[in-house]
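Engineer: Structure file my_file13.csv (CSV, C-alpha atoms) is given on the next line.
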chain,number,residue,atom,x,y,z
A,1,MET,CA,109.9,67.2,72.3
A,2,SER,CA,112.4,66.2,75.1
A,3,ILE,CA,112.9,62.5,76.0
A,4,SER,CA,111.0,62.9,79.3
A,5,GLU,CA,108.1,64.7,77.4
A,6,SER,CA,108.1,61.9,74.9
A,7,ILE,CA,107.9,59.3,77.6
A,8,MET,CA,105.2,61.1,79.5
A,9,ALA,CA,103.1,61.3,76.3
A,10,ARG,CA,103.5,57.6,75.8
A,11,GLN,CA,102.5,56.8,79.3
A,12,GLN,CA,99.0,57.9,78.3
A,13,ILE,CA,99.1,55.1,75.7
A,14,ARG,CA,98.0,51.7,77.0
A,15,ILE,CA,99.0,48.5,75.4
A,16,LEU,CA,97.6,45.0,76.0
A,17,MET,CA,100.0,42.1,75.2
A,18,VAL,CA,98.7,38.6,74.9
A,19,ASP,CA,100.8,35.5,74.7
A,20,ASP,CA,100.8,32.2,76.5
A,21,GLU,CA,104.6,32.2,76.8
A,22,GLU,CA,105.5,34.0,80.0
A,23,LEU,CA,109.0,34.7,78.8
A,24,ILE,CA,107.8,36.4,75.6
A,25,VAL,CA,105.2,38.4,77.5
A,26,SER,CA,107.6,39.6,80.1
A,27,ALA,CA,110.3,40.5,77.6
A,28,MET,CA,107.8,42.5,75.5
A,29,ARG,CA,106.4,44.2,78.6
A,30,LYS,CA,109.9,45.2,79.7
A,31,TYR,CA,110.8,46.5,76.3
A,32,PHE,CA,107.6,48.5,75.7
A,33,GLU,CA,107.5,49.9,79.3
A,34,GLY,CA,111.1,51.0,78.6
A,35,LEU,CA,109.8,53.0,75.7
A,36,GLY,CA,107.3,54.7,78.1
A,37,TYR,CA,104.1,52.8,77.3
A,38,ALA,CA,101.7,51.5,80.0
A,39,VAL,CA,101.5,47.8,79.4
A,40,ASP,CA,99.1,45.1,80.7
A,41,THR,CA,99.6,41.4,79.8
A,42,ALA,CA,97.4,38.4,79.5
A,43,HIS,CA,98.2,34.7,78.9
A,44,GLU,CA,94.8,33.4,77.8
A,45,LEU,CA,92.0,34.4,75.5
A,46,GLU,CA,89.5,34.8,78.3
A,47,GLU,CA,91.8,36.8,80.4
A,48,ALA,CA,92.4,39.2,77.5
A,49,GLN,CA,88.7,39.4,76.8
A,50,ALA,CA,88.0,40.2,80.5
A,51,LEU,CA,90.5,43.0,80.4
A,52,LEU,CA,89.1,44.3,77.1
A,53,ALA,CA,85.7,44.4,78.7
A,54,ASN,CA,86.9,46.5,81.6
A,55,TYR,CA,89.7,48.8,80.3
A,56,HIS,CA,90.5,50.8,77.2
A,57,TYR,CA,93.6,50.0,75.3
A,58,ASP,CA,95.1,52.0,72.4
A,59,LEU,CA,96.9,48.9,71.0
A,60,VAL,CA,96.6,45.2,71.4
A,61,ILE,CA,99.4,42.9,70.4
A,62,ALA,CA,98.4,39.2,70.5
A,63,ASP,CA,99.8,35.9,69.5
A,64,LEU,CA,97.7,33.9,67.1
A,65,ARG,CA,98.0,30.6,69.1
A,66,LEU,CA,97.3,30.8,72.9
A,67,THR,CA,96.8,27.2,73.8
A,68,GLY,CA,99.6,25.2,72.2
A,69,PHE,CA,97.1,22.9,70.5
A,70,GLY,CA,96.9,24.5,67.1
A,71,GLY,CA,94.3,27.1,68.1
A,72,VAL,CA,93.7,30.4,66.5
A,73,GLU,CA,92.5,32.3,69.6
A,74,GLY,CA,94.3,35.5,68.4
A,75,LEU,CA,91.6,35.8,65.7
A,76,GLU,CA,88.9,35.9,68.4
A,77,ILE,CA,90.8,38.7,70.1
A,78,VAL,CA,90.9,40.6,66.8
A,79,SER,CA,87.1,40.2,66.5
A,80,ASP,CA,86.6,41.2,70.1
A,81,VAL,CA,88.7,44.3,69.7
A,82,HIS,CA,87.0,45.2,66.4
A,83,GLN,CA,83.4,44.8,67.9
A,84,ARG,CA,84.0,46.3,71.3
A,85,CYS,CA,86.8,48.9,71.1
A,86,ALA,CA,86.5,51.5,68.4
A,87,GLY,CA,89.8,53.1,67.8
A,88,THR,CA,91.9,50.3,69.3
A,89,ARG,CA,94.6,49.0,66.9
A,90,VAL,CA,95.5,45.4,66.9
A,91,VAL,CA,98.6,43.5,65.8
A,92,LEU,CA,98.6,39.7,65.4
A,93,LEU,CA,101.8,37.8,65.7
A,94,SER,CA,102.3,34.2,64.6
A,95,ALA,CA,105.0,31.6,63.9
A,96,PHE,CA,102.4,29.5,62.1
A,97,GLY,CA,100.5,32.0,60.0
A,98,THR,CA,99.2,30.7,56.7
A,99,PRO,CA,98.1,33.2,53.9
A,100,GLU,CA,94.5,32.1,54.7
A,101,ILE,CA,94.8,33.0,58.4
A,102,GLU,CA,96.5,36.2,57.6
A,103,ARG,CA,93.7,37.1,55.2
A,104,GLU,CA,91.1,36.1,57.9
A,105,SER,CA,92.8,38.3,60.5
A,106,TYR,CA,92.6,41.3,58.2
A,107,ASN,CA,89.0,40.5,57.4
A,108,ARG,CA,88.2,40.5,61.1
A,109,GLY,CA,89.9,43.9,61.5
A,110,ALA,CA,93.5,43.4,62.3
A,111,ASP,CA,95.8,46.4,61.6
A,112,ALA,CA,98.9,44.2,61.1
A,113,PHE,CA,99.8,40.6,60.9
A,114,LEU,CA,103.5,39.9,61.6
A,115,HIS,CA,105.4,36.6,61.3
A,116,LYS,CA,107.5,35.5,64.2
A,117,PRO,CA,110.3,35.8,65.0
A,118,LYS,CA,110.1,39.5,64.9
A,119,ALA,CA,112.8,41.8,66.4
A,120,MET,CA,111.4,44.0,69.2
A,121,MET,CA,112.6,47.1,67.4
A,122,GLU,CA,110.6,46.1,64.3
A,123,LEU,CA,107.5,45.4,66.4
A,124,ALA,CA,107.9,48.7,68.2
A,125,GLN,CA,108.2,50.5,64.9
A,126,VAL,CA,104.9,48.9,63.7
A,127,ALA,CA,103.3,49.9,67.0
A,128,ARG,CA,104.6,53.5,66.7
A,129,ASN,CA,103.2,53.8,63.2
A,130,LEU,CA,99.8,52.4,64.1
A,131,LEU,CA,99.5,54.6,67.2
A,132,ALA,CA,100.6,57.7,65.2
A,133,ASN,CA,97.7,57.1,62.8
B,1,MET,CA,98.6,23.9,81.8
B,2,PRO,CA,99.4,27.4,80.5
B,3,GLU,CA,95.9,27.9,79.2
B,4,HIS,CA,94.4,27.5,82.7
B,5,ARG,CA,97.2,29.5,84.4
B,6,ALA,CA,94.8,32.2,85.7
B,7,LEU,CA,92.2,29.7,86.9
B,8,ASN,CA,94.8,27.7,88.7
B,9,ALA,CA,95.9,30.8,90.5
B,10,ILE,CA,92.4,31.6,91.5
B,11,LEU,CA,91.7,28.2,92.9
B,12,ALA,CA,95.1,27.9,94.7
B,13,PRO,CA,95.1,28.4,98.5
B,14,GLY,CA,95.0,32.1,99.1
B,15,GLY,CA,93.9,32.8,95.5
B,16,ILE,CA,90.8,34.5,96.6
B,17,THR,CA,90.9,37.3,99.1
B,18,PRO,CA,87.6,38.1,100.8
B,19,PHE,CA,86.5,41.6,101.8
B,20,TYR,CA,83.4,42.6,103.8
B,21,GLN,CA,81.2,45.5,103.0
B,22,PRO,CA,78.8,46.7,105.8
B,23,ILE,CA,75.1,46.6,105.2
B,24,VAL,CA,73.2,49.3,107.1
B,25,ASP,CA,69.6,49.6,108.0
B,26,ILE,CA,68.4,53.2,107.6
B,27,LEU,CA,64.8,52.9,108.6
B,28,GLY,CA,65.5,54.6,112.0
B,29,GLU,CA,68.9,55.4,113.4
B,30,PRO,CA,71.5,53.7,111.1
B,31,ALA,CA,72.3,50.2,112.4
B,32,ILE,CA,74.6,47.7,110.9
B,33,VAL,CA,72.8,44.5,110.0
B,34,GLY,CA,75.4,42.5,108.2
B,35,PHE,CA,78.2,42.3,105.7
B,36,GLU,CA,78.3,41.4,102.0
B,37,CYS,CA,81.3,39.2,101.3
B,38,LEU,CA,83.2,40.4,98.2
B,39,SER,CA,86.1,38.7,96.5
B,40,ARG,CA,89.3,39.8,94.8
B,41,GLY,CA,91.4,37.5,92.7
B,42,PRO,CA,95.1,36.6,93.1
B,43,ARG,CA,97.2,39.6,94.3
B,44,GLY,CA,99.3,41.3,91.7
B,45,THR,CA,97.4,39.8,88.8
B,46,ASN,CA,94.8,41.2,86.4
B,47,LEU,CA,92.2,39.2,88.3
B,48,GLU,CA,92.7,41.2,91.5
B,49,SER,CA,90.0,43.4,90.1
B,50,ALA,CA,86.6,41.8,90.9
B,51,LYS,CA,85.1,42.8,87.6
B,52,VAL,CA,87.9,41.3,85.6
B,53,LEU,CA,87.9,38.2,87.8
B,54,PHE,CA,84.3,37.5,87.3
B,55,ASP,CA,84.2,38.4,83.6
B,56,TYR,CA,87.1,35.9,83.2
B,57,VAL,CA,85.4,33.3,85.2
B,58,ARG,CA,82.1,33.6,83.2
B,59,LEU,CA,84.0,33.5,79.9
B,60,LYS,CA,85.7,30.3,81.1
B,61,ARG,CA,82.3,29.0,82.3
B,62,GLU,CA,83.9,28.1,85.6
B,63,GLU,CA,81.4,29.9,87.8
B,64,THR,CA,80.7,26.8,89.9
B,65,LEU,CA,84.3,26.1,90.9
B,66,VAL,CA,85.1,29.8,91.6
B,67,ASP,CA,81.8,30.4,93.5
B,68,ARG,CA,82.8,27.5,95.8
B,69,ALA,CA,86.3,29.0,96.2
B,70,CYS,CA,84.8,32.4,97.0
B,71,VAL,CA,82.3,31.1,99.5
B,72,ALA,CA,85.0,29.0,101.2
B,73,ALA,CA,87.3,32.0,101.5
B,74,ALA,CA,84.5,34.3,102.7
B,75,LEU,CA,83.2,32.0,105.4
B,76,SER,CA,86.7,30.9,106.6
B,77,GLU,CA,87.6,34.5,107.3
B,78,ALA,CA,84.2,35.8,108.2
B,79,PRO,CA,84.2,38.5,110.9
B,80,ARG,CA,83.0,37.3,114.3
B,81,THR,CA,80.1,39.5,114.7
B,82,PRO,CA,77.3,37.7,116.6
B,83,GLY,CA,73.8,38.4,115.2
B,84,LEU,CA,75.0,40.1,112.0
B,85,ARG,CA,74.1,38.6,108.6
B,86,LEU,CA,76.6,37.4,106.1
B,87,ASN,CA,75.8,37.7,102.4
B,88,VAL,CA,77.6,35.5,99.8
B,89,ASN,CA,77.4,35.8,96.1
B,90,VAL,CA,76.5,32.8,94.0
B,91,HIS,CA,75.7,32.6,90.3
B,92,ALA,CA,72.3,31.2,89.4
B,93,SER,CA,74.1,28.8,87.0
B,94,THR,CA,76.0,27.4,90.0
B,95,LEU,CA,72.8,26.7,91.9
B,96,GLY,CA,71.4,25.1,88.7
B,97,ARG,CA,74.4,23.0,87.7
B,98,ASP,CA,76.1,22.1,91.0
B,99,ALA,CA,73.7,19.7,92.7
B,100,ASP,CA,76.0,19.5,95.7
B,101,PHE,CA,76.4,23.2,96.2
B,102,VAL,CA,73.9,23.5,99.0
B,103,ASP,CA,75.5,20.7,100.9
B,104,PHE,CA,78.9,22.3,100.4
B,105,LEU,CA,77.5,25.6,101.8
B,106,ARG,CA,76.0,23.9,104.8
B,107,HIS,CA,79.2,21.9,105.5
B,108,THR,CA,81.4,25.0,105.1
B,109,ALA,CA,79.2,27.1,107.4
B,110,LYS,CA,79.2,24.4,110.0
B,111,THR,CA,83.0,24.1,109.8
B,112,HIS,CA,83.3,27.7,110.6
B,113,ASP,CA,80.6,27.8,113.1
B,114,ILE,CA,78.3,30.1,111.1
B,115,GLU,CA,74.6,29.8,111.6
B,116,LEU,CA,72.7,29.1,108.4
B,117,SER,CA,69.9,31.3,109.5
B,118,LEU,CA,72.3,34.3,109.4
B,119,LEU,CA,73.4,33.5,105.8
B,120,THR,CA,72.0,35.2,102.7
B,121,VAL,CA,72.8,33.9,99.3
B,122,GLU,CA,72.9,36.7,96.8
B,123,ILE,CA,72.0,35.4,93.3
B,124,VAL,CA,73.9,36.9,90.4
B,125,GLU,CA,73.4,35.9,86.8
B,126,HIS,CA,74.8,37.0,83.6
B,127,ALA,CA,74.3,34.2,81.1
B,128,PRO,CA,71.2,32.2,80.9
B,129,PRO,CA,70.0,29.6,80.3
B,130,TRP,CA,70.8,27.4,83.3
B,131,ASN,CA,69.3,24.3,84.7
B,132,SER,CA,66.1,25.8,86.0
B,133,LEU,CA,64.9,22.6,87.7
B,134,GLY,CA,68.2,22.3,89.6
B,135,PHE,CA,68.0,26.0,90.3
B,136,SER,CA,64.5,25.7,91.9
B,137,LYS,CA,65.5,22.7,93.9
B,138,ALA,CA,68.6,24.4,95.3
B,139,LEU,CA,66.5,27.5,96.2
B,140,ALA,CA,64.0,25.3,98.0
B,141,ARG,CA,66.7,23.5,99.9
B,142,LEU,CA,68.4,26.8,100.9
B,143,ARG,CA,65.1,28.1,102.3
B,144,ASP,CA,64.5,24.8,104.2
B,145,LEU,CA,67.9,25.4,105.8
B,146,GLY,CA,66.9,28.9,106.9
B,147,VAL,CA,69.1,30.6,104.4
B,148,ARG,CA,67.7,33.8,103.0
B,149,ILE,CA,67.8,34.8,99.3
B,150,ALA,CA,68.7,38.1,97.7
B,151,LEU,CA,68.5,39.0,94.1
B,152,ASP,CA,71.5,41.0,93.0
B,153,ASP,CA,71.6,43.8,90.4
B,154,VAL,CA,67.8,44.0,90.1
B,155,GLY,CA,67.0,45.8,86.8
B,156,LEU,CA,70.2,45.0,85.1
B,157,GLY,CA,70.9,42.2,82.6
B,158,GLN,CA,69.1,38.9,83.5
B,159,SER,CA,68.1,40.1,87.0
B,160,ASN,CA,64.6,40.9,85.7
B,161,PHE,CA,60.9,40.4,86.5
B,162,LYS,CA,61.1,36.8,85.6
B,163,MET,CA,63.9,36.2,88.1
B,164,ILE,CA,61.8,38.0,90.8
B,165,LEU,CA,58.9,35.7,90.1
B,166,ASP,CA,61.1,32.6,90.0
B,167,VAL,CA,63.1,33.4,93.1
B,168,ALA,CA,60.6,35.4,95.3
B,169,PRO,CA,63.6,36.9,97.1
B,170,ASP,CA,63.8,38.1,100.6
B,171,TYR,CA,65.9,41.0,99.4
B,172,LEU,CA,66.0,43.0,96.2
B,173,LYS,CA,69.4,44.7,95.7
B,174,ILE,CA,69.5,47.8,93.5
B,175,ASP,CA,72.7,48.3,91.6
B,176,ARG,CA,74.7,51.5,92.1
B,177,TYR,CA,73.8,52.5,88.5
B,178,PHE,CA,70.3,53.4,89.6
B,179,VAL,CA,71.4,54.8,93.0
B,180,GLU,CA,74.2,57.2,92.2
B,181,ASP,CA,73.0,60.8,92.1
B,182,CYS,CA,69.4,59.6,92.5
B,183,GLU,CA,68.7,62.7,94.7
B,184,SER,CA,68.9,64.9,91.7
B,185,ASP,CA,67.4,62.6,89.1
B,186,GLU,CA,63.7,62.1,89.0
B,187,ASN,CA,64.0,59.2,86.6
B,188,ARG,CA,66.2,57.2,88.9
B,189,LYS,CA,63.9,58.0,91.8
B,190,ALA,CA,61.0,56.6,89.8
B,191,VAL,CA,62.9,53.4,89.1
B,192,ILE,CA,63.9,53.0,92.7
B,193,GLY,CA,60.3,53.7,93.8
B,194,ALA,CA,59.0,51.1,91.4
B,195,VAL,CA,61.4,48.4,92.8
B,196,THR,CA,60.5,49.4,96.3
B,197,SER,CA,56.8,49.1,95.6
B,198,LEU,CA,57.4,45.7,94.0
B,199,ALA,CA,59.4,44.6,97.0
B,200,ARG,CA,56.5,45.5,99.3
B,201,HIS,CA,54.3,43.2,97.3
B,202,PHE,CA,56.8,40.3,97.8
B,203,HIS,CA,57.4,41.2,101.5
B,204,ALA,CA,61.1,41.8,100.5
B,205,VAL,CA,63.6,44.3,101.8
B,206,VAL,CA,65.2,46.7,99.3
B,207,VAL,CA,68.9,47.2,99.6
B,208,ALA,CA,70.6,50.0,97.7
B,209,GLU,CA,74.2,49.7,96.7
B,210,GLY,CA,76.8,52.3,96.0
B,211,VAL,CA,75.5,54.9,98.5
B,212,GLU,CA,78.3,57.5,98.9
B,213,ARG,CA,76.5,60.7,100.0
B,214,ILE,CA,74.2,61.6,102.9
B,215,GLU,CA,71.8,63.3,100.4
B,216,THR,CA,71.5,60.0,98.5
B,217,CYS,CA,70.9,58.1,101.7
B,218,GLU,CA,68.1,60.6,102.7
B,219,THR,CA,66.5,60.3,99.3
B,220,LEU,CA,66.5,56.5,99.5
B,221,ARG,CA,65.0,56.5,103.0
B,222,HIS,CA,62.3,58.9,101.8
B,223,ILE,CA,61.5,56.6,98.9
B,224,GLY,CA,61.2,53.6,101.3
B,225,VAL,CA,64.5,51.8,100.8
B,226,ARG,CA,65.4,50.1,104.0
B,227,GLN,CA,69.0,49.0,103.7
B,228,VAL,CA,72.1,50.5,102.0
B,229,GLN,CA,75.7,49.7,101.2
B,230,GLY,CA,78.4,52.0,100.1
B,231,TYR,CA,81.3,54.1,101.1
B,232,LEU,CA,79.0,56.4,103.1
B,233,PHE,CA,78.9,53.7,105.7
B,234,GLY,CA,82.2,52.0,105.1
B,235,MET,CA,84.8,50.7,102.6
B,236,ASN,CA,85.4,47.1,101.8
B,237,LEU,CA,87.1,45.8,104.9
B,238,ALA,CA,89.3,42.9,105.6
B,239,SER,CA,87.9,40.6,108.3
B,240,PRO,CA,89.6,42.0,111.4
B,241,GLU,CA,88.7,45.6,110.4
B,242,ALA,CA,85.1,44.5,109.7
B,243,SER,CA,84.8,43.0,113.2
B,244,GLU,CA,86.2,46.2,114.7
B,245,TYR,CA,83.9,48.3,112.6
B,246,ALA,CA,80.9,46.4,113.7
B,247,ASP,CA,81.9,46.8,117.4
B,248,GLN,CA,82.3,50.5,116.9
B,249,PHE,CA,79.0,50.8,115.1
B,250,ALA,CA,77.3,49.0,118.0
B,251,THR,CA,78.6,51.5,120.5
B,252,MET,CA,77.2,54.3,118.4
B,253,TYR,CA,73.8,52.8,117.6
B,254,ARG,CA,71.8,50.3,119.5
B,255,PRO,CA,71.6,47.1,117.3
B,256,ARG,CA,68.2,46.2,116.0
B,257,PRO,CA,66.6,43.0,117.2
Let me see the structure of the file written as structure tokens.
Structural biologist:
Amino acid sequence: MSISESIMARQQIRILMVDDEELIVSAMRKYFEGLGYAVDTAHELEEAQALLANYHYDLVIADLRLTGFGGVEGLEIVSDVHQRCAGTRVVLLSAFGTPEIERESYNRGADAFLHKPKAMMELAQVARNLLAN
Amino acid sequence: MPEHRALNAILAPGGITPFYQPIVDILGEPAIVGFECLSRGPRGTNLESAKVLFDYVRLKREETLVDRACVAAALSEAPRTPGLRLNVNVHASTLGRDADFVDFLRHTAKTHDIELSLLTVEIVEHAPPWNSLGFSKALARLRDLGVRIALDDVGLGQSNFKMILDVAPDYLKIDRYFVEDCESDENRKAVIGAVTSLARHFHAVVVAEGVERIETCETLRHIGVRQVQGYLFGMNLASPEASEYADQFATMYRPRP
């Protein structure tokens, strides 16, 4: 497959990225768009849920904490995706993840739980593997 | 606060962009009778889509604040079309919770020189329960002011028989889900016929949404639906285009008294 064919194939793939930090979200968007994916972003739990209610995503990458007050909103996104979107893969990212939260995220249906900081290349590799399956 | 970023953007000046969709009476020759005010969220954001906007607002449980912002935007830019009605959407929960909403509506209409008797409040609801006493009081006050009441999305979700009894609306609005392709679907025709029959009992007018084809329009007229909205008679228009559209419509068809 040529590079342009590979990019065109990925353009069919839609990713939702959720993080309350604008810098992180825009950097991730740029990186993944550069790889040829279609990317939407959200900064809040409810914004992400409203998008999930109206659009189909192949992959959701969400931060665990979206409020800055010790919340675990990312877990709600995992549950939402699991209940609403059959076939959508979900990756949870966290700088504060405990083993209990990690277990809980898998219980709710997460496909991967990654500890921050995580290099973009590593994240992209996880995304590629999940989408390939 | 980052966690309210989207809400802040919605409530900021210019956060809501109003559009106006023509409502057309099809009993005889088609005649424009008013516009439904529709809202889009901040440009260039996820919330520009009305569906995402209102799903977000309901998840945030901020219907009251955002309904006010939408009504303010809609009335401030309303097309200057004498004699035509203007429909604004309001959540039932807003009418129930916001004791000052009716005064806000009256004040906003007065500010923009809009007659209350030409306003219709379209009630939308997705998440009961709400304060039913406050809701009933607000409805009674609206009626006292001469505002008409429409029930949106009849047959979907919470917009059910109970709501019809509680509201006794002047208009029953049928969602596009029931309307699309009804000309070739006996089941959809039966549902629309049942709503039309119910409306007759309540002396209400039936308005069908999402009408895109002449065949659909003819079928609806045959069933007894009186008013329609949809791309057959016009896209969602910005205010200046809406005024122009109404003027052109008036030259083609004599307006109804």
Engineer: Could you check how far CA of Glu36 in chain B sits from CA of Pro22 in chain B, in Å to one decimal?
Structural biologist: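 Going from CA of Glu36 in chain B over to CA of Pro22 in chain B, I get 6.5 Å.
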Engineer: Restrict the distance test to only C-alpha atoms, flag each residue of chain B within 6 Å of chain A, and return the flagged residues as a VMD selection string.
Structural biologist: chain B and resid 3 52 55 to 56 59
Engineer: Go ahead and save the residues from that selection, with C-alpha atoms, as a PDB file, in the coordinates of the input.
Structural biologist:
ATOM      1  CA  GLU B   3      95.900  27.900  79.200  1.00  0.00           C
ATOM      2  CA  VAL B  52      87.900  41.300  85.600  1.00  0.00           C
ATOM      3  CA  ASP B  55      84.200  38.400  83.600  1.00  0.00           C
ATOM      4  CA  TYR B  56      87.100  35.900  83.200  1.00  0.00           C
ATOM      5  CA  LEU B  59      84.000  33.500  79.900  1.00  0.00           C
TER       6      LEU B  59
END
Engineer: Name the residues, using the chain letters and numbers of the file, that sit within 9 Å of (71.7, 29.4, 90.9) when counting only C-alpha atoms, and give them as a PDB file with C-alpha atoms, keeping the file's coordinate frame.
Structural biologist:
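Saved as selection_25.pdb:
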ATOM      1  CA  VAL B  90      76.500  32.800  94.000  1.00  0.00           C
ATOM      2  CA  HIS B  91      75.700  32.600  90.300  1.00  0.00           C
ATOM      3  CA  ALA B  92      72.300  31.200  89.400  1.00  0.00           C
ATOM      4  CA  SER B  93      74.100  28.800  87.000  1.00  0.00           C
ATOM      5  CA  THR B  94      76.000  27.400  90.000  1.00  0.00           C
ATOM      6  CA  LEU B  95      72.800  26.700  91.900  1.00  0.00           C
ATOM      7  CA  GLY B  96      71.400  25.100  88.700  1.00  0.00           C
ATOM      8  CA  ARG B  97      74.400  23.000  87.700  1.00  0.00           C
ATOM      9  CA  ASP B  98      76.100  22.100  91.000  1.00  0.00           C
ATOM     10  CA  ILE B 123      72.000  35.400  93.300  1.00  0.00           C
ATOM     11  CA  VAL B 124      73.900  36.900  90.400  1.00  0.00           C
ATOM     12  CA  GLU B 125      73.400  35.900  86.800  1.00  0.00           C
ATOM     13  CA  TRP B 130      70.800  27.400  83.300  1.00  0.00           C
ATOM     14  CA  ASN B 131      69.300  24.300  84.700  1.00  0.00           C
ATOM     15  CA  SER B 132      66.100  25.800  86.000  1.00  0.00           C
ATOM     16  CA  GLY B 134      68.200  22.300  89.600  1.00  0.00           C
ATOM     17  CA  PHE B 135      68.000  26.000  90.300  1.00  0.00           C
ATOM     18  CA  SER B 136      64.500  25.700  91.900  1.00  0.00           C
ATOM     19  CA  ALA B 138      68.600  24.400  95.300  1.00  0.00           C
ATOM     20  CA  LEU B 139      66.500  27.500  96.200  1.00  0.00           C
TER      21      LEU B 139
END
Engineer: Which residues come within 12 Å of Ala27 in chain A, counting only C-alpha atoms, excluding same-chain residues fewer than 4 positions away, as JSON, numbers by chain?
Structural biologist: {"A": [17, 19, 21, 22, 23, 31, 32, 33, 34, 39, 41, 119, 120]}
Engineer: Which is closer to Ala86 in chain A than all the others in A:Tyr106, A:Tyr57, A:Tyr37, A:Phe113, using all atoms listed in the file?
Structural biologist: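 Checking each of A:Tyr106, A:Tyr57, A:Tyr37, A:Phe113 against Ala86 in chain A, counting all atoms listed in the file, the winner is A:Tyr57.
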Engineer: Counting only C-alpha atoms, which of B:Leu151, B:Ala190, B:Ile10, B:Leu165 gets nearest to Leu65 in chain B?
Structural biologist: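 Smallest distance to Leu65 in chain B is found for B:Ile10.
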